[in-house]
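Next comes data.cif, a file with mmCIF, N, CA and C atoms.
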data_work
#
loop_
_atom_site.label_atom_id
_atom_site.label_comp_id
_atom_site.auth_asym_id
_atom_site.auth_seq_id
_atom_site.Cartn_x
_atom_site.Cartn_y
_atom_site.Cartn_z
N MET A 96 1.11 -2.17 -21.22
CA MET A 96 0.97 -1.95 -19.79
C MET A 96 -0.08 -2.86 -19.16
N GLU A 97 -1.05 -3.32 -19.92
CA GLU A 97 -2.14 -4.08 -19.32
C GLU A 97 -1.64 -5.31 -18.56
N GLY A 98 -0.61 -5.97 -19.06
CA GLY A 98 -0.08 -7.14 -18.36
C GLY A 98 0.41 -6.78 -16.97
N LEU A 99 1.19 -5.71 -16.87
CA LEU A 99 1.73 -5.28 -15.58
C LEU A 99 0.61 -4.79 -14.67
N THR A 100 -0.31 -4.00 -15.19
CA THR A 100 -1.39 -3.50 -14.34
C THR A 100 -2.27 -4.64 -13.85
N GLY A 101 -2.43 -5.66 -14.68
CA GLY A 101 -3.20 -6.83 -14.25
C GLY A 101 -2.53 -7.55 -13.09
N ILE A 102 -1.22 -7.72 -13.19
CA ILE A 102 -0.46 -8.35 -12.11
C ILE A 102 -0.57 -7.53 -10.84
N LEU A 103 -0.37 -6.22 -10.97
CA LEU A 103 -0.43 -5.35 -9.79
C LEU A 103 -1.82 -5.35 -9.17
N SER A 104 -2.84 -5.35 -9.99
CA SER A 104 -4.21 -5.37 -9.49
C SER A 104 -4.51 -6.67 -8.75
N ARG A 105 -4.01 -7.79 -9.27
CA ARG A 105 -4.21 -9.07 -8.57
C ARG A 105 -3.48 -9.05 -7.22
N GLU A 106 -2.29 -8.45 -7.19
CA GLU A 106 -1.58 -8.32 -5.92
C GLU A 106 -2.37 -7.45 -4.95
N HIS A 107 -3.04 -6.44 -5.47
CA HIS A 107 -3.88 -5.59 -4.62
C HIS A 107 -4.96 -6.42 -3.93
N GLN A 108 -5.53 -7.37 -4.64
CA GLN A 108 -6.59 -8.19 -4.05
C GLN A 108 -6.07 -8.98 -2.86
N VAL A 109 -4.84 -9.48 -2.96
CA VAL A 109 -4.22 -10.19 -1.84
C VAL A 109 -4.00 -9.23 -0.67
N VAL A 110 -3.51 -8.04 -0.96
CA VAL A 110 -3.28 -7.05 0.10
C VAL A 110 -4.61 -6.71 0.78
N LEU A 111 -5.66 -6.52 0.01
CA LEU A 111 -6.96 -6.20 0.60
C LEU A 111 -7.45 -7.32 1.52
N GLN A 112 -7.22 -8.57 1.13
CA GLN A 112 -7.58 -9.70 1.99
C GLN A 112 -6.79 -9.66 3.30
N LYS A 113 -5.50 -9.37 3.20
CA LYS A 113 -4.66 -9.28 4.40
C LYS A 113 -5.07 -8.10 5.27
N LEU A 114 -5.53 -7.02 4.64
CA LEU A 114 -6.00 -5.87 5.42
C LEU A 114 -7.24 -6.24 6.24
N GLU A 115 -8.10 -7.09 5.68
CA GLU A 115 -9.27 -7.54 6.43
C GLU A 115 -8.84 -8.29 7.69
N LEU A 116 -7.86 -9.18 7.55
CA LEU A 116 -7.36 -9.93 8.70
C LEU A 116 -6.67 -9.00 9.70
N PHE A 117 -5.93 -8.04 9.18
CA PHE A 117 -5.25 -7.08 10.04
C PHE A 117 -6.26 -6.27 10.83
N GLU A 118 -7.32 -5.85 10.17
CA GLU A 118 -8.36 -5.07 10.86
C GLU A 118 -8.96 -5.87 12.00
N LYS A 119 -9.17 -7.16 11.77
CA LYS A 119 -9.72 -8.02 12.83
C LYS A 119 -8.73 -8.18 13.98
N ALA A 120 -7.43 -8.10 13.68
CA ALA A 120 -6.41 -8.21 14.72
C ALA A 120 -6.31 -6.94 15.56
N LEU A 121 -6.84 -5.83 15.03
CA LEU A 121 -6.81 -4.58 15.78
C LEU A 121 -7.97 -4.46 16.76
N ASP A 122 -9.10 -5.10 16.46
CA ASP A 122 -10.29 -4.98 17.30
C ASP A 122 -11.08 -6.28 17.29
N PRO A 123 -11.03 -7.08 18.35
CA PRO A 123 -10.26 -6.84 19.57
C PRO A 123 -8.77 -7.07 19.31
N TYR A 124 -7.98 -6.37 20.08
CA TYR A 124 -6.52 -6.37 19.88
C TYR A 124 -5.94 -7.77 20.03
N ASN A 125 -5.21 -8.19 19.00
CA ASN A 125 -4.58 -9.50 18.96
C ASN A 125 -3.12 -9.29 18.54
N PRO A 126 -2.20 -9.23 19.49
CA PRO A 126 -0.80 -8.94 19.16
C PRO A 126 -0.19 -9.91 18.15
N GLN A 127 -0.56 -11.19 18.24
CA GLN A 127 -0.01 -12.18 17.29
C GLN A 127 -0.54 -11.91 15.89
N GLY A 128 -1.80 -11.58 15.77
CA GLY A 128 -2.37 -11.24 14.46
C GLY A 128 -1.72 -10.01 13.86
N VAL A 129 -1.40 -9.03 14.72
CA VAL A 129 -0.72 -7.82 14.26
C VAL A 129 0.67 -8.18 13.75
N LYS A 130 1.40 -9.01 14.50
CA LYS A 130 2.76 -9.39 14.08
C LYS A 130 2.73 -10.13 12.74
N GLU A 131 1.73 -10.99 12.54
CA GLU A 131 1.59 -11.71 11.27
C GLU A 131 1.34 -10.72 10.13
N ALA A 132 0.52 -9.73 10.37
CA ALA A 132 0.25 -8.72 9.34
C ALA A 132 1.51 -7.92 9.03
N VAL A 133 2.24 -7.54 10.07
CA VAL A 133 3.48 -6.78 9.86
C VAL A 133 4.46 -7.60 9.03
N ARG A 134 4.58 -8.89 9.30
CA ARG A 134 5.46 -9.76 8.50
C ARG A 134 5.02 -9.76 7.03
N PHE A 135 3.72 -9.85 6.80
CA PHE A 135 3.22 -9.80 5.42
C PHE A 135 3.56 -8.46 4.78
N PHE A 136 3.28 -7.37 5.49
CA PHE A 136 3.56 -6.03 4.95
C PHE A 136 5.04 -5.88 4.63
N ASP A 137 5.89 -6.34 5.54
CA ASP A 137 7.34 -6.22 5.34
C ASP A 137 7.83 -7.07 4.17
N GLY A 138 7.18 -8.20 3.95
CA GLY A 138 7.63 -9.10 2.88
C GLY A 138 7.06 -8.76 1.52
N SER A 139 5.80 -8.41 1.46
CA SER A 139 5.12 -8.25 0.17
C SER A 139 5.06 -6.81 -0.34
N LEU A 140 4.81 -5.87 0.53
CA LEU A 140 4.61 -4.49 0.05
C LEU A 140 5.86 -3.89 -0.60
N PRO A 141 7.06 -4.09 -0.06
CA PRO A 141 8.23 -3.51 -0.75
C PRO A 141 8.40 -4.05 -2.18
N LEU A 142 8.14 -5.32 -2.39
CA LEU A 142 8.24 -5.90 -3.74
C LEU A 142 7.19 -5.29 -4.66
N HIS A 143 6.00 -5.13 -4.15
CA HIS A 143 4.92 -4.55 -4.94
C HIS A 143 5.24 -3.10 -5.30
N ARG A 144 5.67 -2.32 -4.30
CA ARG A 144 6.02 -0.92 -4.55
C ARG A 144 7.14 -0.82 -5.59
N ARG A 145 8.11 -1.72 -5.49
CA ARG A 145 9.23 -1.69 -6.44
C ARG A 145 8.73 -1.90 -7.88
N LYS A 146 7.82 -2.82 -8.07
CA LYS A 146 7.27 -3.04 -9.41
C LYS A 146 6.61 -1.76 -9.93
N GLU A 147 5.84 -1.12 -9.06
CA GLU A 147 5.18 0.11 -9.48
C GLU A 147 6.19 1.22 -9.77
N GLU A 148 7.11 1.43 -8.82
CA GLU A 148 8.03 2.56 -8.90
C GLU A 148 9.08 2.40 -10.00
N GLU A 149 9.48 1.17 -10.30
CA GLU A 149 10.52 0.97 -11.30
C GLU A 149 9.98 0.71 -12.71
N HIS A 150 8.76 0.21 -12.80
CA HIS A 150 8.26 -0.18 -14.12
C HIS A 150 7.04 0.61 -14.58
N LEU A 151 6.05 0.77 -13.74
CA LEU A 151 4.82 1.45 -14.15
C LEU A 151 4.92 2.96 -14.05
N PHE A 152 5.34 3.45 -12.90
CA PHE A 152 5.33 4.89 -12.67
C PHE A 152 6.18 5.68 -13.67
N PRO A 153 7.38 5.21 -14.02
CA PRO A 153 8.17 6.01 -14.98
C PRO A 153 7.47 6.19 -16.33
N GLU A 154 6.77 5.18 -16.77
CA GLU A 154 6.05 5.28 -18.04
C GLU A 154 4.91 6.29 -17.95
N VAL A 155 4.15 6.23 -16.88
CA VAL A 155 3.03 7.16 -16.70
C VAL A 155 3.55 8.58 -16.47
N ALA A 156 4.63 8.70 -15.70
CA ALA A 156 5.17 10.02 -15.34
C ALA A 156 5.67 10.80 -16.55
N ARG A 157 6.02 10.13 -17.63
CA ARG A 157 6.48 10.83 -18.84
C ARG A 157 5.41 11.78 -19.39
N HIS A 158 4.18 11.57 -19.00
CA HIS A 158 3.06 12.35 -19.53
C HIS A 158 2.59 13.48 -18.60
N PHE A 159 3.29 13.68 -17.47
CA PHE A 159 2.88 14.68 -16.49
C PHE A 159 4.10 15.43 -15.97
N PRO A 160 3.90 16.66 -15.48
CA PRO A 160 5.00 17.39 -14.85
C PRO A 160 5.50 16.60 -13.63
N PRO A 161 6.80 16.69 -13.32
CA PRO A 161 7.37 15.87 -12.24
C PRO A 161 6.77 16.13 -10.86
N GLU A 162 6.35 17.33 -10.56
CA GLU A 162 5.83 17.64 -9.23
C GLU A 162 4.30 17.68 -9.18
N ALA A 163 3.68 17.07 -10.16
CA ALA A 163 2.22 17.05 -10.18
C ALA A 163 1.76 15.75 -10.83
N GLY A 164 0.50 15.55 -10.84
CA GLY A 164 -0.05 14.40 -11.52
C GLY A 164 -0.15 13.18 -10.63
N PRO A 165 -0.69 12.10 -11.19
CA PRO A 165 -1.00 10.91 -10.40
C PRO A 165 0.22 10.20 -9.85
N VAL A 166 1.32 10.19 -10.58
CA VAL A 166 2.50 9.47 -10.09
C VAL A 166 3.08 10.18 -8.87
N HIS A 167 3.12 11.49 -8.91
CA HIS A 167 3.61 12.24 -7.75
C HIS A 167 2.77 11.90 -6.52
N CYS A 168 1.47 11.87 -6.68
CA CYS A 168 0.56 11.53 -5.59
C CYS A 168 0.82 10.11 -5.07
N MET A 169 0.99 9.16 -5.97
CA MET A 169 1.22 7.77 -5.57
C MET A 169 2.55 7.62 -4.83
N LEU A 170 3.58 8.32 -5.29
CA LEU A 170 4.88 8.26 -4.61
C LEU A 170 4.81 8.86 -3.22
N GLU A 171 4.06 9.94 -3.07
CA GLU A 171 3.88 10.54 -1.74
C GLU A 171 3.16 9.55 -0.82
N GLU A 172 2.18 8.87 -1.35
CA GLU A 172 1.46 7.89 -0.53
C GLU A 172 2.35 6.69 -0.19
N HIS A 173 3.22 6.30 -1.12
CA HIS A 173 4.15 5.21 -0.81
C HIS A 173 5.06 5.61 0.35
N LYS A 174 5.52 6.85 0.36
CA LYS A 174 6.38 7.33 1.45
C LYS A 174 5.60 7.34 2.76
N ASP A 175 4.38 7.83 2.72
CA ASP A 175 3.53 7.86 3.90
C ASP A 175 3.30 6.43 4.42
N GLU A 176 3.06 5.52 3.50
CA GLU A 176 2.85 4.11 3.86
C GLU A 176 4.09 3.56 4.58
N LYS A 177 5.27 3.78 4.00
CA LYS A 177 6.51 3.28 4.61
C LYS A 177 6.71 3.87 6.00
N ASP A 178 6.47 5.16 6.15
CA ASP A 178 6.64 5.82 7.45
C ASP A 178 5.70 5.23 8.51
N HIS A 179 4.45 5.03 8.15
CA HIS A 179 3.49 4.50 9.12
C HIS A 179 3.70 3.01 9.38
N LEU A 180 4.19 2.28 8.39
CA LEU A 180 4.52 0.87 8.64
C LEU A 180 5.70 0.77 9.61
N GLU A 181 6.65 1.67 9.48
CA GLU A 181 7.77 1.69 10.43
C GLU A 181 7.27 2.02 11.83
N ALA A 182 6.38 3.00 11.93
CA ALA A 182 5.81 3.35 13.24
C ALA A 182 5.00 2.19 13.81
N LEU A 183 4.27 1.48 12.96
CA LEU A 183 3.50 0.31 13.39
C LEU A 183 4.45 -0.77 13.91
N ARG A 184 5.50 -1.03 13.17
CA ARG A 184 6.48 -2.05 13.55
C ARG A 184 7.11 -1.70 14.90
N THR A 185 7.49 -0.46 15.07
CA THR A 185 8.09 -0.01 16.33
C THR A 185 7.11 -0.17 17.48
N ALA A 186 5.88 0.27 17.29
CA ALA A 186 4.87 0.16 18.34
C ALA A 186 4.61 -1.31 18.68
N SER A 187 4.55 -2.15 17.67
CA SER A 187 4.32 -3.58 17.90
C SER A 187 5.47 -4.19 18.68
N ASP A 188 6.69 -3.86 18.31
CA ASP A 188 7.87 -4.40 19.00
C ASP A 188 7.92 -3.96 20.46
N LYS A 189 7.43 -2.76 20.74
CA LYS A 189 7.45 -2.22 22.11
C LYS A 189 6.23 -2.66 22.92
N GLY A 190 5.28 -3.32 22.26
CA GLY A 190 4.05 -3.69 22.96
C GLY A 190 3.14 -2.51 23.22
N ASP A 191 3.27 -1.47 22.40
CA ASP A 191 2.48 -0.24 22.54
C ASP A 191 1.16 -0.40 21.80
N GLN A 192 0.16 -0.93 22.51
CA GLN A 192 -1.14 -1.22 21.89
C GLN A 192 -1.77 0.02 21.28
N ALA A 193 -1.75 1.14 21.97
CA ALA A 193 -2.37 2.36 21.44
C ALA A 193 -1.66 2.80 20.16
N GLY A 194 -0.33 2.72 20.12
CA GLY A 194 0.42 3.08 18.92
C GLY A 194 0.14 2.14 17.76
N VAL A 195 0.00 0.86 18.07
CA VAL A 195 -0.33 -0.13 17.03
C VAL A 195 -1.70 0.19 16.44
N ILE A 196 -2.67 0.43 17.30
CA ILE A 196 -4.03 0.69 16.82
C ILE A 196 -4.09 1.98 16.02
N GLU A 197 -3.45 3.04 16.51
CA GLU A 197 -3.45 4.32 15.80
C GLU A 197 -2.80 4.19 14.42
N ASN A 198 -1.61 3.61 14.36
CA ASN A 198 -0.94 3.45 13.07
C ASN A 198 -1.63 2.42 12.19
N GLY A 199 -2.16 1.39 12.84
CA GLY A 199 -2.87 0.36 12.07
C GLY A 199 -4.10 0.91 11.37
N ARG A 200 -4.87 1.69 12.06
CA ARG A 200 -6.07 2.29 11.43
C ARG A 200 -5.68 3.24 10.30
N TYR A 201 -4.60 3.98 10.53
CA TYR A 201 -4.13 4.89 9.48
C TYR A 201 -3.73 4.10 8.24
N ILE A 202 -3.00 3.01 8.44
CA ILE A 202 -2.54 2.18 7.32
C ILE A 202 -3.73 1.54 6.60
N LEU A 203 -4.70 1.06 7.36
CA LEU A 203 -5.89 0.48 6.73
C LEU A 203 -6.54 1.48 5.78
N ASN A 204 -6.76 2.67 6.26
CA ASN A 204 -7.39 3.71 5.46
C ASN A 204 -6.52 4.09 4.25
N LEU A 205 -5.25 4.32 4.52
CA LEU A 205 -4.33 4.72 3.46
C LEU A 205 -4.26 3.68 2.36
N LEU A 206 -4.02 2.43 2.72
CA LEU A 206 -3.85 1.39 1.70
C LEU A 206 -5.14 1.12 0.93
N ARG A 207 -6.25 1.10 1.61
CA ARG A 207 -7.51 0.87 0.88
C ARG A 207 -7.78 1.99 -0.12
N ASN A 208 -7.57 3.23 0.28
CA ASN A 208 -7.77 4.34 -0.64
C ASN A 208 -6.73 4.35 -1.75
N HIS A 209 -5.49 4.05 -1.41
CA HIS A 209 -4.41 4.02 -2.39
C HIS A 209 -4.68 2.96 -3.46
N ILE A 210 -5.06 1.79 -3.01
CA ILE A 210 -5.36 0.70 -3.95
C ILE A 210 -6.53 1.08 -4.85
N TRP A 211 -7.55 1.70 -4.28
CA TRP A 211 -8.69 2.11 -5.10
C TRP A 211 -8.23 3.09 -6.19
N LYS A 212 -7.43 4.07 -5.82
CA LYS A 212 -6.95 5.06 -6.80
C LYS A 212 -6.14 4.40 -7.90
N GLU A 213 -5.28 3.47 -7.52
CA GLU A 213 -4.49 2.80 -8.55
C GLU A 213 -5.36 1.95 -9.45
N ASP A 214 -6.22 1.12 -8.86
CA ASP A 214 -7.04 0.21 -9.66
C ASP A 214 -8.05 0.93 -10.54
N HIS A 215 -8.60 2.05 -10.06
CA HIS A 215 -9.69 2.71 -10.78
C HIS A 215 -9.29 3.96 -11.55
N ILE A 216 -8.11 4.51 -11.26
CA ILE A 216 -7.69 5.73 -11.95
C ILE A 216 -6.36 5.51 -12.68
N LEU A 217 -5.32 5.19 -11.91
CA LEU A 217 -3.97 5.12 -12.49
C LEU A 217 -3.82 3.97 -13.48
N PHE A 218 -4.26 2.78 -13.12
CA PHE A 218 -4.07 1.63 -14.02
C PHE A 218 -4.84 1.78 -15.33
N PRO A 219 -6.12 2.18 -15.28
CA PRO A 219 -6.81 2.41 -16.56
C PRO A 219 -6.12 3.48 -17.40
N MET A 220 -5.61 4.52 -16.75
CA MET A 220 -4.89 5.57 -17.46
C MET A 220 -3.63 4.99 -18.13
N ALA A 221 -2.89 4.18 -17.38
CA ALA A 221 -1.67 3.57 -17.91
C ALA A 221 -1.97 2.65 -19.09
N GLU A 222 -3.08 1.95 -19.02
CA GLU A 222 -3.44 1.03 -20.10
C GLU A 222 -3.77 1.77 -21.40
N GLN A 223 -4.11 3.06 -21.30
CA GLN A 223 -4.41 3.86 -22.49
C GLN A 223 -3.16 4.47 -23.11
N MET A 224 -2.03 4.39 -22.42
CA MET A 224 -0.80 5.02 -22.92
C MET A 224 -0.04 4.08 -23.82
#

As structure tokens, please, write out the structure in this file.
Amino acid sequence: MEGLTGILSREHQVVLQKLELFEKALDPYNPQGVKEAVRFFDGSLPLHRRKEEEHLFPEVARHFPPEAGPVHCMLEEHKDEKDHLEALRTASDKGDQAGVIENGRYILNLLRNHIWKEDHILFPMAEQM
């Protein structure tokens, strides 16, 4: 598992860098910067989630009940992420600055916390299996 977790962790570093740029696009509000971030999120995050959901999570999930444990939590957060990215995309397309900022801040918090949990809890756990 260490090879896969290493790849995923390196991808997290890129996402964290993009989140910094996205945060700067939210305050002061920069619609073009937001659109660039949304393009990145739409292009990179689904591929990253797929690697986790198809390769890492099933291996870890074998060791926990299906409705509990770290994988269940990560999948719930992935769903939350997708829902808020869709809301961000919609708000951005409509020029709804307040909606962009609200969803953008939520995504910033969610992704930073999610990445921390994976890098510091889930990935080390997976490497021990």

If you run DSSP on this backbone, which residues of chain A come out as alpha helix (DSSP H), and could you give them as a PyMOL selection string? chain A and resi 97-121+126-146+152-156+164-189+192-212+218-222

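Residues within 8 Å of segment 138-148 of chain A, counting only N, CA and C atoms and excluding same-chain residues fewer than 5 positions away, are A:Leu103, A:Glu106, A:Ala132, A:Val133, A:Pro153, A:Glu154, A:Leu170, A:His173.
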
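Residues in contact range of segment 108-123 of chain A, defined as at most 7 Å between only C-alpha atoms, with sequence neighbours fewer than 2 positions away removed, read A:Ser104, A:Arg105, A:Glu106, A:Asn125, A:Gly128, A:Val129, A:Ala132, A:Ile196, A:Leu203.
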
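For the set A:Glu176, A:Ala156, A:Met224, A:Leu183, the residue with the smallest atom-to-atom gap to Leu205 of chain A is A:Glu176, counting all atoms listed in the file.
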
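For the pair atom CA of His107 of chain A and atom C of His209 of chain A, the interatomic distance is 8.7 Å.
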
So the first atom is atom C of Pro161 of chain A and the second is atom N of Asn198 of chain A; what is the distance between them in Å, to one decimal place? 29.4 Å

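The spacing separating atom C of Ala221 of chain A from atom C of Val155 of chain A amounts to 8.5 Å.
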
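Minimum distance to Lys130 of chain A across A:Gly98, A:Pro165, A:Asp188, A:Asp175 (counting only N, CA and C atoms) occurs at A:Asp188.
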
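Closest to His167 of chain A among A:Ile216, A:Phe152, A:Leu180, A:Glu222 is A:Phe152, based on all atoms listed in the file.
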